[in-house]
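*Asks:* Next comes the structure file data_38.txt, holding compact mmCIF, C-alpha atoms.
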```txt
# COMPACT_ATOMS: atom_id res chain seq x y z
CA MET R 110 6.06 2.52 -24.07
CA SER R 111 8.24 -0.53 -24.35
CA ASP R 112 7.85 -4.15 -25.37
CA GLU R 113 6.36 -6.77 -23.05
CA SER R 114 8.71 -7.41 -20.15
CA THR R 115 10.07 -10.66 -18.75
CA SER R 116 8.63 -12.31 -15.63
CA ASN R 117 11.14 -10.67 -13.26
CA GLU R 118 10.21 -7.25 -14.49
CA PHE R 119 6.90 -5.49 -14.20
CA ALA R 120 4.88 -2.76 -15.79
CA ILE R 121 1.79 -0.79 -14.96
CA PHE R 122 -1.27 -1.66 -17.03
CA VAL R 123 -4.39 0.43 -17.20
CA VAL R 124 -7.80 -1.25 -16.90
CA LYS R 125 -10.89 0.59 -18.00
CA THR R 126 -13.82 0.22 -15.60
CA THR R 127 -17.33 1.52 -15.19
CA ALA R 128 -17.22 4.97 -13.56
CA ASN R 129 -17.49 4.87 -9.75
CA GLN R 130 -16.86 1.12 -9.67
CA GLU R 131 -13.05 1.41 -9.54
CA ARG R 132 -12.75 0.23 -5.92
CA SER R 133 -15.05 -2.75 -6.34
CA VAL R 134 -13.17 -3.82 -9.49
CA ALA R 135 -9.84 -3.54 -7.63
CA ASN R 136 -11.15 -5.57 -4.68
CA THR R 137 -12.55 -8.30 -6.92
CA MET R 138 -9.40 -8.44 -9.05
CA ALA R 139 -7.25 -8.78 -5.92
CA GLN R 140 -9.44 -11.63 -4.66
CA ILE R 141 -9.24 -13.43 -8.01
CA ALA R 142 -5.47 -12.88 -8.23
CA ARG R 143 -4.99 -14.47 -4.80
CA LYS R 144 -7.36 -17.34 -5.51
CA GLU R 145 -6.11 -18.19 -9.00
CA HIS R 146 -2.46 -17.32 -8.22
CA PHE R 147 -2.22 -14.71 -10.97
CA ASP R 148 1.00 -12.71 -10.80
CA ILE R 149 -0.69 -9.41 -10.04
CA ARG R 150 1.37 -7.48 -7.51
CA ALA R 151 -0.62 -4.36 -6.75
CA ILE R 152 -3.68 -2.46 -7.89
CA LEU R 153 -3.76 1.30 -7.67
CA VAL R 154 -7.04 3.24 -7.55
CA PRO R 155 -6.30 6.99 -7.59
CA ASP R 156 -9.32 9.25 -7.06
CA GLU R 157 -8.08 11.52 -9.83
CA LEU R 158 -8.57 8.79 -12.45
CA LYS R 159 -12.26 8.20 -12.98
CA GLY R 160 -13.08 5.02 -14.84
CA TYR R 161 -9.58 3.57 -14.75
CA ILE R 162 -7.43 1.55 -12.37
CA LEU R 163 -3.69 0.82 -12.58
CA VAL R 164 -2.45 -2.74 -12.23
CA GLU R 165 1.15 -3.77 -11.53
CA ALA R 166 1.91 -7.07 -13.27
CA PRO R 167 4.66 -8.63 -15.41
CA ASP R 168 2.58 -8.65 -18.61
CA SER R 169 -0.76 -7.61 -19.98
CA GLY R 170 -1.92 -11.20 -20.62
CA ILE R 171 -2.18 -11.83 -16.87
CA VAL R 172 -4.24 -8.67 -16.39
CA ASP R 173 -6.43 -9.69 -19.32
CA LEU R 174 -7.07 -13.09 -17.70
CA ALA R 175 -7.76 -11.55 -14.30
CA ILE R 176 -10.48 -9.20 -15.55
CA GLN R 177 -12.36 -11.90 -17.51
CA ASN R 178 -15.08 -12.50 -14.93
CA VAL R 179 -14.91 -9.22 -13.06
CA ALA R 180 -18.08 -7.17 -13.19
CA HIS R 181 -17.57 -3.55 -14.24
CA ALA R 182 -14.05 -4.22 -15.60
CA ARG R 183 -14.05 -3.45 -19.31
CA THR R 184 -10.73 -3.76 -21.13
CA VAL R 185 -7.01 -3.51 -20.63
CA VAL R 186 -5.82 -0.34 -22.32
CA LYS R 187 -3.23 -1.09 -25.02
CA GLY R 188 0.35 -0.36 -24.01
CA GLN R 189 1.98 -0.07 -20.63
CA SER R 190 3.29 2.50 -18.23
CA SER R 191 6.20 2.71 -15.82
CA LEU R 192 6.31 3.32 -12.09
CA GLU R 193 7.84 6.76 -12.66
CA GLU R 194 4.83 7.78 -14.71
CA VAL R 195 2.34 6.86 -11.97
CA SER R 196 4.39 7.65 -8.85
CA HIS R 197 2.74 11.07 -8.45
CA PHE R 198 -0.51 9.23 -7.64
CA LEU R 199 1.18 7.60 -4.62
CA THR R 200 1.82 10.89 -2.83
CA PRO R 201 -1.22 13.10 -3.44
CA LYS R 202 -0.65 16.82 -2.98
CA PRO R 203 -2.57 18.67 -0.23
CA THR R 204 -5.80 20.11 -1.60
CA VAL R 205 -4.80 23.62 -0.50
CA THR R 206 -1.76 23.63 -2.80
CA GLY R 207 -2.08 26.64 -5.08
CA ILE R 208 -4.32 28.59 -2.71
CA THR R 209 -2.55 31.61 -1.25
CA GLU R 210 -3.54 34.24 1.28
CA GLY R 211 -5.37 37.09 -0.42
CA ALA R 212 -6.68 34.93 -3.26
CA ILE R 213 -10.30 35.23 -4.36
CA ILE R 214 -12.14 31.92 -4.26
CA GLU R 215 -15.61 30.59 -4.93
CA VAL R 216 -17.11 28.05 -2.56
CA ILE R 217 -18.31 25.08 -4.62
CA SER R 218 -20.09 22.97 -2.00
CA GLY R 219 -21.65 23.17 1.44
CA PRO R 220 -23.96 25.83 2.90
CA PHE R 221 -21.93 28.66 1.33
CA LYS R 222 -22.00 27.18 -2.17
CA GLY R 223 -21.73 29.86 -4.85
CA GLU R 224 -20.40 32.51 -2.45
CA LYS R 225 -17.23 34.38 -3.32
CA ALA R 226 -14.66 35.05 -0.62
CA ARG R 227 -11.13 36.24 0.09
CA VAL R 228 -8.63 33.82 1.64
CA LYS R 229 -7.35 35.01 5.02
CA ARG R 230 -5.37 32.00 6.17
CA VAL R 231 -4.20 28.69 4.72
CA ASP R 232 -3.70 25.69 7.01
CA GLU R 233 -1.74 23.22 4.92
CA SER R 234 -1.52 20.49 7.57
CA HIS R 235 -5.28 20.32 8.09
CA GLU R 236 -6.01 21.18 4.44
CA GLU R 237 -8.31 23.97 5.54
CA ILE R 238 -8.57 27.63 4.61
CA THR R 239 -10.08 30.54 6.50
CA VAL R 240 -12.04 32.93 4.30
CA GLU R 241 -14.19 36.03 4.58
CA LEU R 242 -17.31 36.07 2.43
CA PHE R 243 -17.77 39.13 0.20
CA ASP R 244 -21.55 39.24 0.58
CA ALA R 245 -21.61 38.99 4.36
CA VAL R 246 -22.79 42.16 6.13
CA ILE R 247 -20.27 41.64 8.91
CA PRO R 248 -16.99 40.03 7.77
CA ILE R 249 -16.85 36.85 9.84
CA PRO R 250 -13.95 34.48 9.13
CA ILE R 251 -15.13 30.98 8.33
CA THR R 252 -12.93 27.90 8.03
CA ILE R 253 -13.70 25.51 5.21
CA ARG R 254 -12.02 22.53 3.57
CA GLY R 255 -9.56 23.24 0.80
CA ASP R 256 -11.28 20.88 -1.64
CA THR R 257 -14.60 22.73 -1.46
CA VAL R 258 -13.32 25.85 -3.21
CA ARG R 259 -12.28 26.96 -6.66
CA VAL R 260 -9.64 29.68 -7.05
CA LEU R 261 -10.95 32.60 -9.13
CA LYS R 262 -8.06 35.04 -8.76
CA LYS R 263 -4.68 34.45 -7.22
CA GLU R 264 -3.32 36.67 -4.43
CA GLU R 265 -4.84 40.12 -4.66
CA LYS R 266 -4.02 43.09 -2.45
CA ASN R 267 -6.80 44.17 -0.09
CA ALA R 268 -9.04 46.79 -1.67
CA MET F 41 -21.03 1.86 7.40
CA SER F 42 -18.17 2.96 5.20
CA ASP F 43 -14.70 1.60 5.75
CA GLN F 44 -12.33 3.50 7.97
CA VAL F 45 -8.62 4.03 7.60
CA CYS F 46 -5.93 3.82 10.25
CA ARG F 47 -4.25 7.24 10.48
CA GLU F 48 -0.96 5.59 11.52
CA CYS F 49 -0.45 3.01 8.76
CA HIS F 50 -3.15 4.03 6.20
CA ARG F 51 -4.59 0.50 6.26
CA ILE F 52 -8.30 0.24 5.40
CA VAL F 53 -9.97 -1.47 8.37
CA THR F 54 -13.51 -2.67 9.07
CA GLY F 55 -13.51 -2.77 12.89
CA GLN F 56 -12.89 -0.13 15.53
CA THR F 57 -9.13 -0.69 15.79
CA CYS F 58 -6.35 -1.37 13.33
CA PRO F 59 -5.53 -5.11 13.54
CA ILE F 60 -1.85 -4.57 12.76
CA CYS F 61 -0.75 -1.48 14.68
CA GLY F 62 -3.54 -1.66 17.27
CA SER F 63 -4.34 2.02 16.90
CA SER F 64 -7.90 3.27 17.29
CA ASN F 65 -7.02 6.53 15.59
CA LEU F 66 -9.20 5.92 12.52
CA SER F 67 -10.61 8.24 9.89
CA SER F 68 -13.51 7.89 7.51
CA ASP F 69 -12.26 10.81 5.43
CA TRP F 70 -9.84 9.25 2.98
CA SER F 71 -9.26 9.05 -0.74
CA GLY F 72 -7.43 6.88 -3.23
CA MET F 73 -6.75 3.21 -2.64
CA VAL F 74 -3.98 0.75 -3.33
CA VAL F 75 -4.41 -3.01 -2.99
CA ILE F 76 -1.09 -4.76 -2.39
CA VAL F 77 -1.32 -8.41 -3.46
CA ASP F 78 2.36 -9.40 -3.46
CA ALA F 79 4.21 -7.08 -1.10
CA GLU F 80 7.59 -8.75 -1.65
CA ARG F 81 7.71 -8.24 -5.40
CA SER F 82 5.57 -5.16 -5.83
CA ALA F 83 7.47 -2.02 -6.79
CA ILE F 84 4.53 0.13 -5.65
CA ALA F 85 4.66 -1.51 -2.19
CA LYS F 86 8.41 -0.94 -2.05
CA LYS F 87 8.02 2.70 -3.00
CA MET F 88 5.35 3.20 -0.34
CA GLY F 89 7.28 1.24 2.30
CA ILE F 90 4.57 -1.40 2.66
CA ASP F 91 5.54 -4.99 3.56
CA ILE F 92 2.16 -6.55 4.42
CA PRO F 93 -0.35 -7.31 1.63
CA ASP F 94 -3.58 -5.44 2.35
CA LYS F 95 -5.71 -2.51 1.23
CA TYR F 96 -4.34 0.96 1.92
CA ALA F 97 -5.63 4.49 1.42
CA LEU F 98 -3.44 6.91 -0.50
CA LYS F 99 -4.57 9.95 1.45
CA VAL F 100 -6.07 10.22 4.94
CA ARG F 101 -7.37 13.39 6.55
```
Here is a file; write its structure as structure tokens.
*Replies:*
Amino acid sequence: MSDESTSNEFAIFVVKTTANQERSVANTMAQIARKEHFDIRAILVPDELKGYILVEAPDSGIVDLAIQNVAHARTVVKGQSSLEEVSHFLTPKPTVTGITEGAIIEVISGPFKGEKARVKRVDESHEEITVELFDAVIPIPITIRGDTVRVLKKEEKNA
Amino acid sequence: MSDQVCRECHRIVTGQTCPICGSSNLSSDWSGMVVIVDAERSAIAKKMGIDIPDKYALKVR
């Protein structure tokens, strides 16, 4: 954390919002910034951060002014962040990262919710995995989205 | 109807085609959003290679 920067520089400020209202707060703030000519340059709404949005601006006073009449925007979090600290939000990792063939997973949503299965194939480009359910009488491979599973055990040899 | 995202440029669009790149390859399965207000001076826009102020999705499936 550093001191407030000059007008040519910028920092990332964190605004606390009501949960699930991050996008509407960002849209309203952008409208206000354009209308009132506030020096807000970008607003980042990563899905991983619930209840917070990241605002790129030269100083926190501008962000403070911009959220004054925005519904669901609460406060500007004290301190500031740098682009390096938030750059990982700009390139989200594929959801299948960390899932390997042979891993034991649990399906957490959809018709197979709660079922345990072994990973047969990982399709990183489509973010899908092909699994075989443990409880199925006949092992039929099913393809499901990578974000609908939780890894229980990593890469295990076939029993 | 929920907003759709252009698979080519990641722009969040309301119609059936992307107004900038003209593509109709849209997706409703997207996550994360960035609103670029000042594309010329924004470091986030520079890092993402964006030069037109608009709303963009961070991830499109």
*Asks:* Could you list the residues in chain F lying within 7 Å of chain R, using only C-alpha atoms, and format the result as a ChimeraX atom specification?
*Replies:* /F:71-78,81-82,84,98-99
*Asks:* If we count all atoms listed in the file and set the cut-off at 10 Å, which residues sit around Glu48 (chain F), ignoring sequence neighbours fewer than 6 positions away in its own chain? Please answer as a ChimeraX atom specification.
*Replies:* /F:58,61-66,100
*Asks:* Tell me, in Å to one decimal, how far CA of Asp43 (chain F) is from CA of Gly55 (chain F).
*Replies:*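 Spanning CA of Asp43 (chain F) to CA of Gly55 (chain F) is a straight-line distance of 8.5 Å.
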*Asks:* Using CA of Gly219 (chain R) and CA of Ala128 (chain R) as the two end points, give the distance in Å to one decimal.
*Replies:* 24.0 Å
*Asks:* Measure the distance from CA of Asp244 (chain R) to CA of Thr257 (chain R) in Å and round it to one decimal.
*Replies:*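 Computed distance, CA of Asp244 (chain R) to CA of Thr257 (chain R), equals 18.0 Å.
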*Asks:* Residues proximal to (-11.6, -4.4, 8.2) were defined as those with any atom within 12 Å of that point in the file's coordinates, counting only C-alpha atoms. Which are they, as number ranges by chain?
*Replies:* F: 41-46, 51-60, 66, 94-96
*Asks:* At most 7 Å from (-16.4, 32.3, -3.8), file frame, only C-alpha atoms: which residues, as a PDB file with C-alpha atoms, keeping the file's coordinate frame?
*Replies:*
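Done, and the output landed in out.pdb:
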```
ATOM      1  CA  ILE R 213     -10.300  35.230  -4.360  1.00  0.00           C
ATOM      2  CA  ILE R 214     -12.140  31.920  -4.260  1.00  0.00           C
ATOM      3  CA  GLU R 215     -15.610  30.590  -4.930  1.00  0.00           C
ATOM      4  CA  VAL R 216     -17.110  28.050  -2.560  1.00  0.00           C
ATOM      5  CA  GLY R 223     -21.730  29.860  -4.850  1.00  0.00           C
ATOM      6  CA  GLU R 224     -20.400  32.510  -2.450  1.00  0.00           C
ATOM      7  CA  LYS R 225     -17.230  34.380  -3.320  1.00  0.00           C
ATOM      8  CA  ALA R 226     -14.660  35.050  -0.620  1.00  0.00           C
TER       9      ALA R 226
END
```
*Asks:* Considering only C-alpha atoms, return as a CSV table (one decimal) with C-alpha atoms, keeping the file's coordinate frame whatever protein or nucleic-acid residues lie within 7 Å of region 171-185 of chain R, sequence-local ones (same chain, fewer than 2 positions apart) excluded.
*Replies:*
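Saved file result26.csv follows:
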```csv
chain,number,residue,atom,x,y,z
R,123,VAL,CA,-4.4,0.4,-17.2
R,124,VAL,CA,-7.8,-1.2,-16.9
R,125,LYS,CA,-10.9,0.6,-18.0
R,126,THR,CA,-13.8,0.2,-15.6
R,127,THR,CA,-17.3,1.5,-15.2
R,130,GLN,CA,-16.9,1.1,-9.7
R,134,VAL,CA,-13.2,-3.8,-9.5
R,137,THR,CA,-12.6,-8.3,-6.9
R,138,MET,CA,-9.4,-8.4,-9.0
R,141,ILE,CA,-9.2,-13.4,-8.0
R,142,ALA,CA,-5.5,-12.9,-8.2
R,147,PHE,CA,-2.2,-14.7,-11.0
R,148,ASP,CA,1.0,-12.7,-10.8
R,168,ASP,CA,2.6,-8.6,-18.6
R,169,SER,CA,-0.8,-7.6,-20.0
R,187,LYS,CA,-3.2,-1.1,-25.0
```
*Asks:* Have a look at R:Tyr161, R:Ser190, R:Ala212, R:Ile238 and name the one nearest to Gly255 (chain R); count all atoms listed in the file.
*Replies:*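 Among the listed residues, the smallest separation from Gly255 (chain R) belongs to R:Ile238.
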*Asks:* My list of candidates is R:Arg254, R:Lys222, R:Lys159, R:Arg227. Which is closest to Asp69 (chain F) when distances are computed with all atoms listed in the file?
*Replies:*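 Using all atoms listed in the file, the shortest distance to Asp69 (chain F) belongs to R:Arg254.
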